[in-house]
$ cat work_8.cif   # mmCIF, C-alpha atoms and all ligand atoms
data_coords
#
loop_
_atom_site.group_PDB
_atom_site.id
_atom_site.type_symbol
_atom_site.label_atom_id
_atom_site.label_comp_id
_atom_site.auth_asym_id
_atom_site.auth_seq_id
_atom_site.Cartn_x
_atom_site.Cartn_y
_atom_site.Cartn_z
ATOM 1 C CA MET A 20 148.459 -111.279 -32.058
ATOM 2 C CA LYS A 21 146.953 -111.244 -35.520
ATOM 3 C CA ALA A 22 144.515 -113.925 -34.427
ATOM 4 C CA LEU A 23 143.471 -111.904 -31.385
ATOM 5 C CA GLN A 24 142.862 -108.872 -33.566
ATOM 6 C CA THR A 25 140.722 -110.941 -35.909
ATOM 7 C CA VAL A 26 138.663 -112.208 -32.995
ATOM 8 C CA ILE A 27 138.149 -108.701 -31.609
ATOM 9 C CA VAL A 28 137.218 -107.238 -34.986
ATOM 10 C CA SER A 29 134.782 -110.107 -35.582
ATOM 11 C CA LEU A 30 133.187 -109.579 -32.193
ATOM 12 C CA LEU A 31 132.793 -105.870 -32.870
ATOM 13 C CA LEU A 32 131.212 -106.616 -36.244
ATOM 14 C CA VAL A 33 128.782 -109.055 -34.652
ATOM 15 C CA LEU A 34 127.890 -106.468 -32.028
ATOM 16 C CA ALA A 35 127.468 -103.745 -34.631
ATOM 17 C CA ILE A 36 125.388 -105.616 -37.210
ATOM 18 C CA GLY A 37 124.470 -108.873 -35.531
ATOM 19 C CA CYS A 38 121.427 -107.439 -33.779
ATOM 20 C CA ASP A 39 119.842 -106.189 -36.980
ATOM 21 C CA TYR A 40 117.769 -109.246 -37.738
ATOM 22 C CA LYS A 41 114.070 -109.969 -37.730
ATOM 23 C CA TYR A 42 113.342 -111.126 -34.208
ATOM 24 C CA ILE A 43 111.071 -114.115 -33.966
ATOM 25 C CA THR A 44 109.771 -114.916 -30.509
ATOM 26 C CA PRO A 45 109.915 -118.531 -29.306
ATOM 27 C CA ASP A 46 107.156 -120.887 -30.340
ATOM 28 C CA THR A 47 104.505 -121.798 -27.880
ATOM 29 C CA GLY A 48 101.761 -123.096 -30.158
ATOM 30 C CA ALA A 49 101.131 -126.523 -31.582
ATOM 31 C CA PRO A 50 102.837 -127.442 -34.853
ATOM 32 C CA VAL A 51 100.980 -126.390 -37.992
ATOM 33 C CA ASP A 52 99.867 -129.157 -40.324
ATOM 34 C CA PRO A 53 99.704 -127.691 -43.862
ATOM 35 C CA ASP A 54 96.955 -130.174 -44.785
ATOM 36 C CA ASP A 55 94.768 -129.166 -41.850
ATOM 37 C CA PRO A 56 92.494 -126.282 -42.945
ATOM 38 C CA ILE A 57 93.168 -123.102 -40.984
ATOM 39 C CA SER A 58 90.234 -120.997 -39.861
ATOM 40 C CA PHE A 59 90.680 -117.292 -40.482
ATOM 41 C CA SER A 60 88.314 -116.187 -37.735
ATOM 42 C CA ALA A 61 89.380 -118.750 -35.121
ATOM 43 C CA GLU A 62 93.135 -118.934 -35.724
ATOM 44 C CA VAL A 63 94.399 -116.041 -37.844
ATOM 45 C CA GLU A 64 92.444 -112.994 -36.642
ATOM 46 C CA PRO A 65 93.188 -113.572 -32.921
ATOM 47 C CA ILE A 66 96.926 -113.215 -33.695
ATOM 48 C CA TRP A 67 96.494 -109.501 -34.451
ATOM 49 C CA THR A 68 94.688 -108.994 -31.168
ATOM 50 C CA SER A 69 97.224 -110.962 -29.125
ATOM 51 C CA GLN A 70 100.191 -109.158 -30.755
ATOM 52 C CA SER A 71 98.617 -105.725 -30.057
ATOM 53 C CA CYS A 72 98.351 -104.837 -33.760
ATOM 54 C CA VAL A 73 94.805 -103.660 -33.090
ATOM 55 C CA ASN A 74 96.150 -100.961 -30.757
ATOM 56 C CA CYS A 75 96.907 -98.991 -33.921
ATOM 57 C CA HIS A 76 95.153 -100.942 -36.651
ATOM 58 C CA SER A 77 91.601 -100.379 -35.511
ATOM 59 C CA GLY A 78 90.206 -98.457 -38.465
ATOM 60 C CA ASN A 79 90.906 -94.987 -37.069
ATOM 61 C CA GLY A 80 92.739 -93.779 -40.170
ATOM 62 C CA LEU A 81 94.782 -96.975 -40.440
ATOM 63 C CA PHE A 82 93.373 -100.176 -41.875
ATOM 64 C CA SER A 83 91.707 -102.381 -39.296
ATOM 65 C CA LEU A 84 92.967 -105.755 -38.097
ATOM 66 C CA LYS A 85 90.080 -106.115 -35.658
ATOM 67 C CA GLN A 86 88.088 -109.330 -35.597
ATOM 68 C CA GLY A 87 85.416 -109.115 -38.299
ATOM 69 C CA GLU A 88 87.125 -106.255 -40.170
ATOM 70 C CA ALA A 89 90.581 -107.676 -40.915
ATOM 71 C CA TYR A 90 89.689 -109.711 -44.007
ATOM 72 C CA GLN A 91 88.362 -106.718 -45.935
ATOM 73 C CA SER A 92 91.470 -104.709 -44.946
ATOM 74 C CA LEU A 93 93.815 -107.383 -46.241
ATOM 75 C CA ILE A 94 92.023 -107.355 -49.599
ATOM 76 C CA ASP A 95 91.563 -103.568 -49.876
ATOM 77 C CA ASN A 96 95.211 -102.848 -49.017
ATOM 78 C CA SER A 97 96.724 -105.697 -51.090
ATOM 79 C CA LEU A 98 98.476 -107.115 -48.032
ATOM 80 C CA LEU A 99 98.370 -110.716 -49.311
ATOM 81 C CA ASP A 100 100.620 -112.309 -51.927
ATOM 82 C CA LEU A 101 98.803 -115.463 -52.989
ATOM 83 C CA GLU A 102 101.701 -116.582 -55.190
ATOM 84 C CA ASN A 103 104.290 -116.263 -52.429
ATOM 85 C CA SER A 104 102.713 -116.158 -48.989
ATOM 86 C CA ALA A 105 105.969 -115.300 -47.178
ATOM 87 C CA ASN A 106 106.245 -112.188 -49.352
ATOM 88 C CA SER A 107 102.847 -110.858 -48.207
ATOM 89 C CA LYS A 108 103.011 -107.467 -46.503
ATOM 90 C CA ILE A 109 100.969 -108.815 -43.623
ATOM 91 C CA VAL A 110 103.899 -111.210 -43.062
ATOM 92 C CA THR A 111 106.910 -109.010 -43.889
ATOM 93 C CA VAL A 112 105.967 -105.722 -42.193
ATOM 94 C CA PRO A 113 105.633 -106.890 -38.553
ATOM 95 C CA GLY A 114 109.006 -106.992 -36.838
ATOM 96 C CA SER A 115 110.646 -105.317 -39.837
ATOM 97 C CA SER A 116 111.736 -101.857 -38.764
ATOM 98 C CA GLY A 117 110.680 -98.544 -37.296
ATOM 99 C CA LEU A 118 107.460 -98.623 -35.350
ATOM 100 C CA HIS A 119 106.882 -102.268 -36.285
ATOM 101 C CA SER A 120 110.147 -103.514 -34.823
ATOM 102 C CA GLY A 121 108.477 -104.146 -31.486
ATOM 103 C CA TYR A 122 105.396 -105.752 -33.005
ATOM 104 C CA THR A 123 106.036 -109.153 -34.454
ATOM 105 C CA TYR A 124 104.843 -112.749 -34.717
ATOM 106 C CA SER A 125 106.145 -115.922 -33.152
ATOM 107 C CA GLY A 126 107.420 -118.411 -35.731
ATOM 108 C CA ASN A 127 104.277 -120.413 -35.129
ATOM 109 C CA GLN A 128 101.982 -117.438 -35.707
ATOM 110 C CA GLU A 129 103.819 -116.573 -38.915
ATOM 111 C CA LEU A 130 103.385 -120.173 -40.051
ATOM 112 C CA ILE A 131 99.649 -120.079 -39.300
ATOM 113 C CA ILE A 132 99.279 -116.950 -41.453
ATOM 114 C CA THR A 133 101.402 -118.174 -44.374
ATOM 115 C CA THR A 134 99.693 -121.585 -44.318
ATOM 116 C CA TRP A 135 96.282 -119.913 -44.360
ATOM 117 C CA ILE A 136 97.390 -117.855 -47.405
ATOM 118 C CA ASP A 137 98.809 -120.979 -49.104
ATOM 119 C CA GLN A 138 95.443 -122.657 -48.549
ATOM 120 C CA GLY A 139 93.763 -119.918 -50.607
ATOM 121 C CA ALA A 140 93.246 -117.138 -48.040
ATOM 122 C CA GLU A 141 89.569 -117.806 -47.511
ATOM 123 C CA ASP A 142 87.304 -115.768 -45.252
ATOM 124 C CA ASN A 143 86.447 -118.853 -43.262
HETATM 125 C C1 LIG B 1 102.166 -98.275 -32.873
HETATM 126 C C2 LIG B 1 101.151 -98.399 -33.895
HETATM 127 C C3 LIG B 1 101.177 -99.659 -34.757
HETATM 128 C C4 LIG B 1 101.187 -100.960 -34.331
HETATM 129 C C5 LIG B 1 101.127 -101.489 -32.922
HETATM 130 C C6 LIG B 1 101.204 -101.767 -35.527
HETATM 131 N N1 LIG B 1 101.201 -100.989 -36.630
HETATM 132 FE FE1 LIG B 1 101.174 -101.598 -38.571
HETATM 133 N N2 LIG B 1 101.253 -99.679 -39.222
HETATM 134 C C7 LIG B 1 101.225 -98.564 -38.411
HETATM 135 C C8 LIG B 1 101.297 -97.372 -39.242
HETATM 136 C C9 LIG B 1 101.287 -95.927 -38.729
HETATM 137 C C10 LIG B 1 101.364 -97.824 -40.586
HETATM 138 C C11 LIG B 1 101.434 -96.985 -41.857
HETATM 139 C C12 LIG B 1 102.777 -96.393 -42.030
HETATM 140 C C13 LIG B 1 103.797 -97.443 -42.273
HETATM 141 O O1 LIG B 1 103.665 -98.206 -43.245
HETATM 142 O O2 LIG B 1 104.750 -97.548 -41.454
HETATM 143 C C14 LIG B 1 101.358 -99.267 -40.529
HETATM 144 C C15 LIG B 1 101.448 -100.087 -41.637
HETATM 145 C C16 LIG B 1 101.317 -101.460 -41.626
HETATM 146 C C17 LIG B 1 101.356 -102.323 -42.776
HETATM 147 C C18 LIG B 1 101.694 -101.878 -44.187
HETATM 148 C C19 LIG B 1 100.513 -101.370 -44.930
HETATM 149 C C20 LIG B 1 100.899 -101.018 -46.351
HETATM 150 O O3 LIG B 1 99.990 -100.793 -47.120
HETATM 151 O O4 LIG B 1 102.098 -101.002 -46.683
HETATM 152 C C21 LIG B 1 101.130 -103.598 -42.346
HETATM 153 C C22 LIG B 1 101.040 -104.858 -43.179
HETATM 154 C C23 LIG B 1 100.973 -103.533 -40.904
HETATM 155 N N3 LIG B 1 101.101 -102.231 -40.496
HETATM 156 C C24 LIG B 1 100.720 -104.624 -40.109
HETATM 157 C C25 LIG B 1 100.816 -104.599 -38.719
HETATM 158 C C26 LIG B 1 100.717 -105.794 -37.892
HETATM 159 C C27 LIG B 1 100.435 -107.191 -38.413
HETATM 160 C C28 LIG B 1 100.897 -105.397 -36.600
HETATM 161 C C29 LIG B 1 101.006 -106.261 -35.359
HETATM 162 C C30 LIG B 1 102.014 -107.322 -35.391
HETATM 163 C C31 LIG B 1 101.064 -103.947 -36.620
HETATM 164 N N4 LIG B 1 101.024 -103.507 -37.926
HETATM 165 C C32 LIG B 1 101.227 -103.158 -35.508
HETATM 166 C C33 LIG B 1 101.136 -98.570 -37.041
HETATM 167 C C34 LIG B 1 101.179 -99.686 -36.215
#
$ encode --input "work_8.cif" --output "structure tokens"
Amino acid sequence: MKALQTVIVSLLLVLAIGCDYKYITPDTGAPVDPDDPISFSAEVEPIWTSQSCVNCHSGNGLFSLKQGEAYQSLIDNSLLDLENSANSKIVTVPGSSGLHSGYTYSGNQELIITTWIDQGAEDN
């Protein structure tokens, strides 16, 4: 009986708090080779278009993530952490909470962005 209670309580706990994690959508892209230079304009910028970030982040009061404008936004708003790419706001905010909970990256997209930052975050 005690065991059954433990199982039920555990299940309830999982139901109550188990869903509160950062959801990462399944990978569809090719693996990222950290030694292969990532192009900001060809590989990073299109992520913000494909993940609908530009619906809101189009420069109308909010910083822009549109192609051609995103790099300046990242710099002006200090959204990059060159020492610890995974700690960059451009990485941690999507999928986090509130209005960003529904806007996130796939694991592969996140890896493309962090690798590009690790490679020096060039406007290339
Ligand atoms: C529904 C509109 C909307 C969408 C879609 C959206 N954002 Fe945002 N975002 C906001 C608003 C509003 C703010 C400012 C208020 C806040 O921080 O929540 C913001 C803030 C941010 C910040 C923090 C800026 C700072 O200085 O702290 C980052 C980074 C960000 N968004 C990235 C993204 C990315 C990347 C995507 C796509 C995966 C995205 N957002 C999609 C509305 C949106």
$ residues_near_point --input "work_8.cif" --point "(96.1, -115.7, -38.6)" --cutoff "7 Å" --atoms "all atoms listed in the file" --output "MDAnalysis selection string"
chainID A and resid 59 62:66 128 131:132
$ atom_distance --input "work_8.cif" --atom1 "atom C18 of ligand LIG 1 (chain B)" --atom2 "CA of Asp54 (chain A)"
28.7 Å
$ closest_atom_pairs --input "work_8.cif" --of "chain A" --to "ligand LIG 1 (chain B)" --cutoff "8 Å" --atoms "only C-alpha atoms and all ligand atoms" --output "tab-separated table"
residue	atom	partner	partner_atom	distance
A:Ile66	CA	B:LIG1	C30	8.0
A:Trp67	CA	B:LIG1	C29	5.6
A:Gln70	CA	B:LIG1	C30	5.3
A:Ser71	CA	B:LIG1	C5	5.7
A:Cys72	CA	B:LIG1	C29	3.4
A:Val73	CA	B:LIG1	C5	6.7
A:Asn74	CA	B:LIG1	C5	5.5
A:Cys75	CA	B:LIG1	C2	4.3
A:His76	CA	B:LIG1	N1	6.0
A:Leu81	CA	B:LIG1	C8	6.6
A:Phe82	CA	B:LIG1	C19	7.9
A:Leu84	CA	B:LIG1	C27	7.6
A:Asn96	CA	B:LIG1	O3	5.5
A:Ser97	CA	B:LIG1	O3	7.1
A:Leu98	CA	B:LIG1	C22	5.9
A:Lys108	CA	B:LIG1	C22	4.7
A:Ile109	CA	B:LIG1	C22	4.0
A:Val110	CA	B:LIG1	C22	7.0
A:Thr111	CA	B:LIG1	C22	7.2
A:Val112	CA	B:LIG1	C22	5.1
A:Pro113	CA	B:LIG1	C30	4.8
A:Gly114	CA	B:LIG1	C30	7.1
A:Gly117	CA	B:LIG1	O2	7.3
A:Leu118	CA	B:LIG1	C1	5.9
A:His119	CA	B:LIG1	C6	5.8
A:Gly121	CA	B:LIG1	C5	7.9
A:Tyr122	CA	B:LIG1	C30	4.4
A:Thr123	CA	B:LIG1	C30	4.5
A:Tyr124	CA	B:LIG1	C30	6.2
$ atom_distance --input "work_8.cif" --atom1 "CA of Gln86 (chain A)" --atom2 "CA of Glu129 (chain A)"
17.6 Å
$ resolve_selection --input "work_8.cif" --expression "the PyMOL selection byres (((chain A and resi 101) around 8) and not hetatm)" --output "list of chain:residue names"
A:Leu99, A:Asp100, A:Glu102, A:Asn103, A:Ser104, A:Ser107, A:Ile136, A:Asp137, A:Gly139, A:Ala140
$ closest_residue --input "work_8.cif" --among "A:Leu23, A:Thr133, A:Asp142, A:Ala49" --to "Glu88 (chain A)" --atoms "only C-alpha atoms"
A:Asp142
$ atom_distance --input "work_8.cif" --atom1 "CA of Trp135 (chain A)" --atom2 "CA of Ser58 (chain A)"
7.6 Å
